[in-house]
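Here is the file input_9.cif (mmCIF, C-alpha atoms and all ligand atoms).
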```
data_input
loop_
_atom_site.label_atom_id
_atom_site.label_comp_id
_atom_site.auth_asym_id
_atom_site.auth_seq_id
_atom_site.Cartn_x
_atom_site.Cartn_y
_atom_site.Cartn_z
CA MET A 33 71.57 -145.06 17.21
CA ALA A 34 69.31 -144.62 20.12
CA VAL A 35 65.93 -143.79 21.44
CA LYS A 36 65.82 -140.02 21.88
CA LYS A 37 63.65 -137.78 24.00
CA VAL A 38 60.63 -136.50 22.05
CA LEU A 39 60.17 -132.75 22.57
CA LYS A 40 56.80 -131.65 23.83
CA TYR A 41 54.63 -128.82 22.58
CA GLY A 42 56.01 -125.59 24.03
CA GLU A 43 59.63 -126.43 23.20
CA LYS A 44 61.29 -124.12 20.70
CA SER A 45 62.56 -126.57 18.04
CA LEU A 46 58.99 -127.58 17.23
CA ARG A 47 58.20 -124.09 15.92
CA GLU A 48 61.43 -123.53 14.02
CA PRO A 49 61.74 -124.15 10.27
CA SER A 50 64.14 -126.95 9.37
CA LYS A 51 67.10 -126.78 6.98
CA GLU A 52 67.52 -128.76 3.76
CA VAL A 53 69.88 -131.73 3.84
CA HIS A 54 72.76 -131.19 1.40
CA LYS A 55 74.25 -134.65 1.54
CA VAL A 56 73.01 -137.93 3.02
CA SER A 57 76.09 -138.22 5.23
CA LYS A 58 76.74 -140.57 8.13
CA LYS A 59 75.25 -137.91 10.42
CA ILE A 60 71.98 -138.09 8.44
CA THR A 61 71.82 -141.90 8.35
CA GLU A 62 72.35 -141.88 12.12
CA LEU A 63 69.60 -139.30 12.51
CA VAL A 64 67.27 -141.53 10.44
CA GLN A 65 68.07 -144.51 12.67
CA ASP A 66 67.44 -142.43 15.81
CA LEU A 67 64.10 -141.30 14.39
CA LEU A 68 63.08 -144.89 13.62
CA ASP A 69 64.25 -146.20 17.01
CA THR A 70 62.39 -143.41 18.80
CA MET A 71 59.22 -143.75 16.71
CA TYR A 72 59.02 -147.53 17.31
CA ALA A 73 59.78 -147.11 21.03
CA GLN A 74 56.82 -144.72 21.28
CA ASN A 75 54.53 -146.78 19.01
CA GLY A 76 54.22 -143.81 16.69
CA VAL A 77 53.23 -143.78 13.03
CA GLY A 78 55.66 -140.99 12.17
CA LEU A 79 58.37 -138.79 13.60
CA ALA A 80 60.13 -135.70 12.26
CA ALA A 81 63.68 -134.57 13.07
CA PRO A 82 62.65 -131.33 14.86
CA GLN A 83 60.75 -133.49 17.36
CA ILE A 84 64.08 -134.80 18.61
CA GLY A 85 65.63 -131.34 18.51
CA GLN A 86 67.28 -131.50 15.07
CA ASN A 87 65.96 -128.90 12.67
CA LEU A 88 66.72 -130.80 9.47
CA ARG A 89 64.27 -131.73 6.69
CA VAL A 90 63.94 -135.43 7.52
CA PHE A 91 61.01 -137.53 8.70
CA VAL A 92 60.12 -141.21 8.98
CA ILE A 93 56.78 -143.00 8.73
CA ASP A 94 55.63 -146.57 9.28
CA VAL A 95 51.95 -147.24 8.74
CA SER A 96 52.17 -151.04 9.11
CA SER A 97 49.88 -152.44 11.80
CA ASN A 98 50.78 -154.66 14.75
CA ASN A 99 50.63 -158.02 13.01
CA GLU A 100 52.44 -156.88 9.87
CA PRO A 101 56.21 -156.70 9.32
CA LEU A 102 57.75 -153.26 9.87
CA SER A 103 57.81 -151.10 6.77
CA PRO A 104 59.79 -147.95 7.52
CA MET A 105 59.67 -145.10 5.01
CA VAL A 106 62.30 -142.35 5.07
CA PHE A 107 61.71 -138.89 3.59
CA ILE A 108 64.64 -136.49 3.16
CA ASN A 109 64.00 -132.97 1.74
CA PRO A 110 60.36 -133.91 0.98
CA LYS A 111 58.12 -131.73 -1.18
CA ILE A 112 54.38 -132.20 -1.55
CA ILE A 113 53.96 -131.77 -5.29
CA LYS A 114 50.22 -132.46 -5.59
CA LYS A 115 47.32 -132.29 -3.16
CA SER A 116 43.55 -132.49 -3.48
CA GLY A 117 40.31 -133.18 -1.69
CA GLY A 118 39.60 -132.77 1.98
CA VAL A 119 38.93 -134.86 5.08
CA ILE A 120 38.34 -134.23 8.74
CA VAL A 121 40.12 -136.78 10.91
CA GLU A 122 41.10 -137.28 14.50
CA GLU A 123 44.85 -136.91 14.88
CA GLY A 124 47.50 -136.99 17.55
CA CYS A 125 51.23 -136.32 17.75
CA LEU A 126 54.07 -137.74 19.84
CA SER A 127 54.85 -134.16 20.91
CA PHE A 128 51.32 -133.91 22.39
CA PRO A 129 51.10 -137.08 24.49
CA GLU A 130 47.58 -138.49 24.57
CA ALA A 131 45.94 -135.41 23.08
CA TYR A 132 43.75 -136.15 20.05
CA ALA A 133 41.58 -133.76 18.08
CA ASN A 134 39.83 -133.30 14.75
CA VAL A 135 41.89 -131.62 12.08
CA LYS A 136 41.50 -130.72 8.40
CA ARG A 137 43.70 -132.49 5.88
CA TYR A 138 43.95 -132.98 2.14
CA LYS A 139 42.58 -136.33 1.06
CA ASN A 140 45.24 -137.12 -1.56
CA VAL A 141 48.89 -136.11 -1.74
CA MET A 142 51.87 -136.80 -3.94
CA VAL A 143 55.29 -136.31 -2.39
CA LYS A 144 58.77 -136.24 -3.83
CA ALA A 145 61.70 -136.92 -1.50
CA MET A 146 65.07 -138.61 -1.15
CA ASP A 147 65.48 -141.95 0.60
CA VAL A 148 68.25 -142.92 2.99
CA HIS A 149 70.51 -143.78 0.03
CA GLY A 150 70.07 -140.30 -1.44
CA LYS A 151 67.85 -141.63 -4.22
CA THR A 152 64.87 -139.51 -5.30
CA PHE A 153 61.44 -141.14 -5.24
CA VAL A 154 57.83 -140.09 -5.68
CA THR A 155 55.00 -141.61 -3.71
CA GLU A 156 51.27 -141.06 -3.85
CA ALA A 157 48.82 -141.58 -0.98
CA LYS A 158 45.07 -141.38 -1.52
CA ASP A 159 41.61 -141.49 0.02
CA GLY A 160 42.58 -139.86 3.31
CA SER A 161 44.64 -142.96 4.14
CA LEU A 162 46.84 -143.04 7.22
CA LEU A 163 49.84 -142.60 4.93
CA ALA A 164 48.30 -139.55 3.20
CA ARG A 165 47.63 -137.93 6.56
CA ALA A 166 50.98 -138.89 8.09
CA ILE A 167 52.88 -137.38 5.15
CA GLN A 168 51.09 -134.05 5.65
CA HIS A 169 51.52 -134.16 9.43
CA GLU A 170 55.25 -134.95 9.34
CA ASN A 171 55.97 -132.59 6.45
CA ASP A 172 54.38 -129.76 8.46
CA HIS A 173 56.81 -130.39 11.32
CA LEU A 174 59.65 -129.35 8.98
CA ASP A 175 58.06 -125.91 8.67
CA GLY A 176 57.27 -125.50 12.36
CA ILE A 177 53.58 -126.23 11.72
CA LEU A 178 51.77 -128.46 14.24
CA PHE A 179 48.57 -130.49 13.91
CA ILE A 180 46.74 -128.15 16.27
CA ASP A 181 47.16 -125.37 13.65
CA HIS A 182 44.76 -127.39 11.45
CA CYS A 183 42.14 -127.88 14.18
CA VAL A 184 38.48 -127.83 13.24
CA ASN A 185 37.47 -126.07 16.46
CA ARG A 186 39.90 -123.86 18.34
CA PHE A 187 37.93 -123.91 21.60
CA GLU A 188 37.63 -127.68 21.61
CA MET A 189 41.38 -127.86 20.88
CA ASP A 190 42.20 -125.54 23.78
CA SER A 191 40.18 -127.60 26.22
CA ILE A 192 41.89 -130.81 25.05
CA LEU A 193 45.32 -129.19 25.44
CA GLU A 194 44.42 -127.92 28.90
CA GLN A 195 43.34 -131.41 30.00
CA HIS A 196 46.79 -132.65 28.99
CA HIS A 197 48.63 -129.78 30.68
CA LEU A 198 49.86 -128.41 27.38
CA PRO A 199 49.96 -124.73 26.33
CA PRO A 200 46.94 -123.38 24.39
CA VAL A 201 46.56 -122.84 20.65
CA GLU A 202 48.43 -119.80 19.29
CA PRO A 203 45.62 -117.96 17.43
CA ASP A 204 47.96 -116.36 14.87
CA ARG A 205 49.20 -119.84 13.90
CA LEU A 206 45.75 -121.17 12.99
CA LEU A 207 45.64 -121.97 9.29
CA ASP A 208 43.16 -120.70 6.77
CA GLU A 209 42.45 -123.67 4.50
CA PRO A 210 39.96 -122.63 1.80
CA GLU A 211 40.95 -125.44 -0.61
CA ILE A 212 40.19 -128.12 1.98
CA GLU A 213 37.02 -126.33 3.11
CA ASN A 214 35.78 -126.17 -0.49
CA ALA A 215 36.54 -129.85 -1.04
CA LEU A 216 34.63 -130.74 2.12
CA GLU A 217 31.63 -128.69 0.97
CA ASN A 218 31.64 -130.32 -2.48
CA LYS A 219 32.25 -133.86 -1.35
CA GLU A 220 30.89 -135.45 -4.49
CA ASN A 221 33.44 -133.57 -6.62
CA ASN A 222 36.59 -134.27 -4.74
CA ASP A 223 37.63 -137.64 -6.05
ZN ZN B 301 53.65 -134.74 15.12
#
```
Structure encoded using structure tokens:
Amino acid sequence: MAVKKVLKYGEKSLREPSKEVHKVSKKITELVQDLLDTMYAQNGVGLAAPQIGQNLRVFVIDVSSNNEPLSPMVFINPKIIKKSGGVIVEEGCLSFPEAYANVKRYKNVMVKAMDVHGKTFVTEAKDGSLLARAIQHENDHLDGILFIDHCVNRFEMDSILEQHHLPPVEPDRLLDEPEIENALENKENND
């Protein structure tokens, strides 16, 4: 149980797909604790296992604010089972220190996962809430997808990355997101 080093954009683990967890063993509960310790040490809202160099399908989130008690959420083998709507929001990532940019996200998601006791749960996050966005962001990490792949403007993204001495966008990684684009165009219909 320790605070780990968070890998920065450019390091290989961040682009590698992660493996399913077969059993919530001691190794996994220790990984969860390391993720929580590291996320809190960095004042992050979420952290995924590949960000500390472990390509396993595990992430943690805590969307409580400063004056609220901690409320850690653990997601093992998560699957987004429903998604709808669209929002454009400014986002950052602990693997991209101090770089923030506008990205496209679904507004509502439903996710199924296992908790740290190996129990399956389903949770829903709506209205482009911090939780809804964090679930999508962290879940992407498990497939080697990064928030910059969802950027609204590639050139703006590149200049932000350059300012923070990070490598540029990889054009072939940019995502085509027609469902989100359509939802954004038909705002009145996406609730
Ligand atoms: Zn991230």
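Nearest-residue note for Leu198 (chain A): choosing from A:Asn87, A:Ser127, A:Asn185, A:Ser103, the minimum distance belongs to A:Ser127, counting all atoms listed in the file.
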Could you list, with a cut-off of 12 Å and counting all atoms listed in the file, the residues of region 127-213 of chain A near region 71-81 of chain A, each shown with its nearest atom pair and the distance in Å rounded to one decimal, rows sorted by chain and ascending number, as a Markdown table?
```
| residue | atom | partner | partner_atom | distance |
| --- | --- | --- | --- | --- |
| A:Ser127 | CA | A:Leu79 | CA | 9.3 |
| A:Phe128 | CA | A:Gly76 | CA | 11.8 |
| A:Pro129 | CA | A:Gln74 | CA | 10.1 |
| A:Glu130 | CA | A:Gly76 | CA | 11.6 |
| A:Leu162 | CA | A:Val77 | CA | 8.7 |
| A:Leu163 | CA | A:Val77 | CA | 8.9 |
| A:Ala164 | CA | A:Gly78 | CA | 11.7 |
| A:Arg165 | CA | A:Gly78 | CA | 10.3 |
| A:Ala166 | CA | A:Gly78 | CA | 6.6 |
| A:Ile167 | CA | A:Gly78 | CA | 8.4 |
| A:Gln168 | CA | A:Gly78 | CA | 10.6 |
| A:His169 | CA | A:Gly78 | CA | 8.4 |
| A:Glu170 | CA | A:Ala80 | CA | 5.7 |
| A:Asn171 | CA | A:Ala80 | CA | 7.8 |
| A:Asp172 | CA | A:Ala80 | CA | 9.1 |
| A:His173 | CA | A:Ala80 | CA | 6.3 |
| A:Leu174 | CA | A:Ala80 | CA | 7.2 |
| A:Asp175 | CA | A:Ala80 | CA | 10.6 |
| A:Gly176 | CA | A:Ala80 | CA | 10.6 |
| A:Ile177 | CA | A:Ala80 | CA | 11.5 |
| A:Leu178 | CA | A:Ala80 | CA | 11.2 |
```
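Considering only C-alpha atoms, the residue among A:Ser116, A:Cys183, A:Pro210, A:Asn218 positioned nearest to Tyr132 (chain A) is A:Cys183.
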Requested in this report: Measuring atom to atom with all atoms listed in the file, identify which of A:Leu126, A:Ile120, A:Ile108, A:Leu68 is nearest to ligand ZN 301 (chain B).
Outcome: A:Leu126
**Report entry** Distance of CA of Gly118 (chain A) from CA of Glu213 (chain A), expressed in Å to one decimal place
**Finding:** 7.0 Å
Query raised in the report: Just how far from CA of Pro49 (chain A) is CA of Arg186 (chain A), in Å to one decimal?
Result: 23.3 Å
**Report entry** Sphere at (39.1, -129.0, 25.1), radius 12 Å, counting all atoms listed in the file: residues as a VMD selection string
**Finding:** chain A and resid 131 to 134 180 183 to 201
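If all atoms listed in the file are the atoms counted, then among A:Leu88, A:Ile93, A:Ile113, A:Leu207 the closest residue to Phe179 (chain A) is A:Leu207.
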Report task. Name all residues at most 12 Å from Asp159 (chain A) (count all atoms listed in the file; drop same-chain ones fewer than 6 positions away) and give them as a VMD selection string. Result -> chain A and resid 115 to 121 137 to 142 165 222 to 223
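With only C-alpha atoms and all ligand atoms as the basis for measurement, A:Pro82 is the residue among A:Pro82, A:Glu156, A:Met146, A:Gln65 that approaches ligand ZN 301 (chain B) most closely.
When CA of Gly124 (chain A) is paired with CA of Leu67 (chain A), their separation reads 17.4 Å.
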**Report entry** Nearest residue to Asn214 (chain A) from the set A:Lys136, A:Lys111, A:Lys36, A:Val148 (distances using all atoms listed in the file)
**Finding:** A:Lys136
Report task. May I have the protein, DNA and RNA residues with an atom at most 12 Å from (69.0, -141.3, -2.4), counting all atoms listed in the file in the file's coordinates, returned as JSON, numbers by chain? Result -> {"A": [53, 54, 55, 56, 57, 60, 61, 106, 107, 108, 109, 110, 144, 145, 146, 147, 148, 149, 150, 151, 152, 153, 154]}
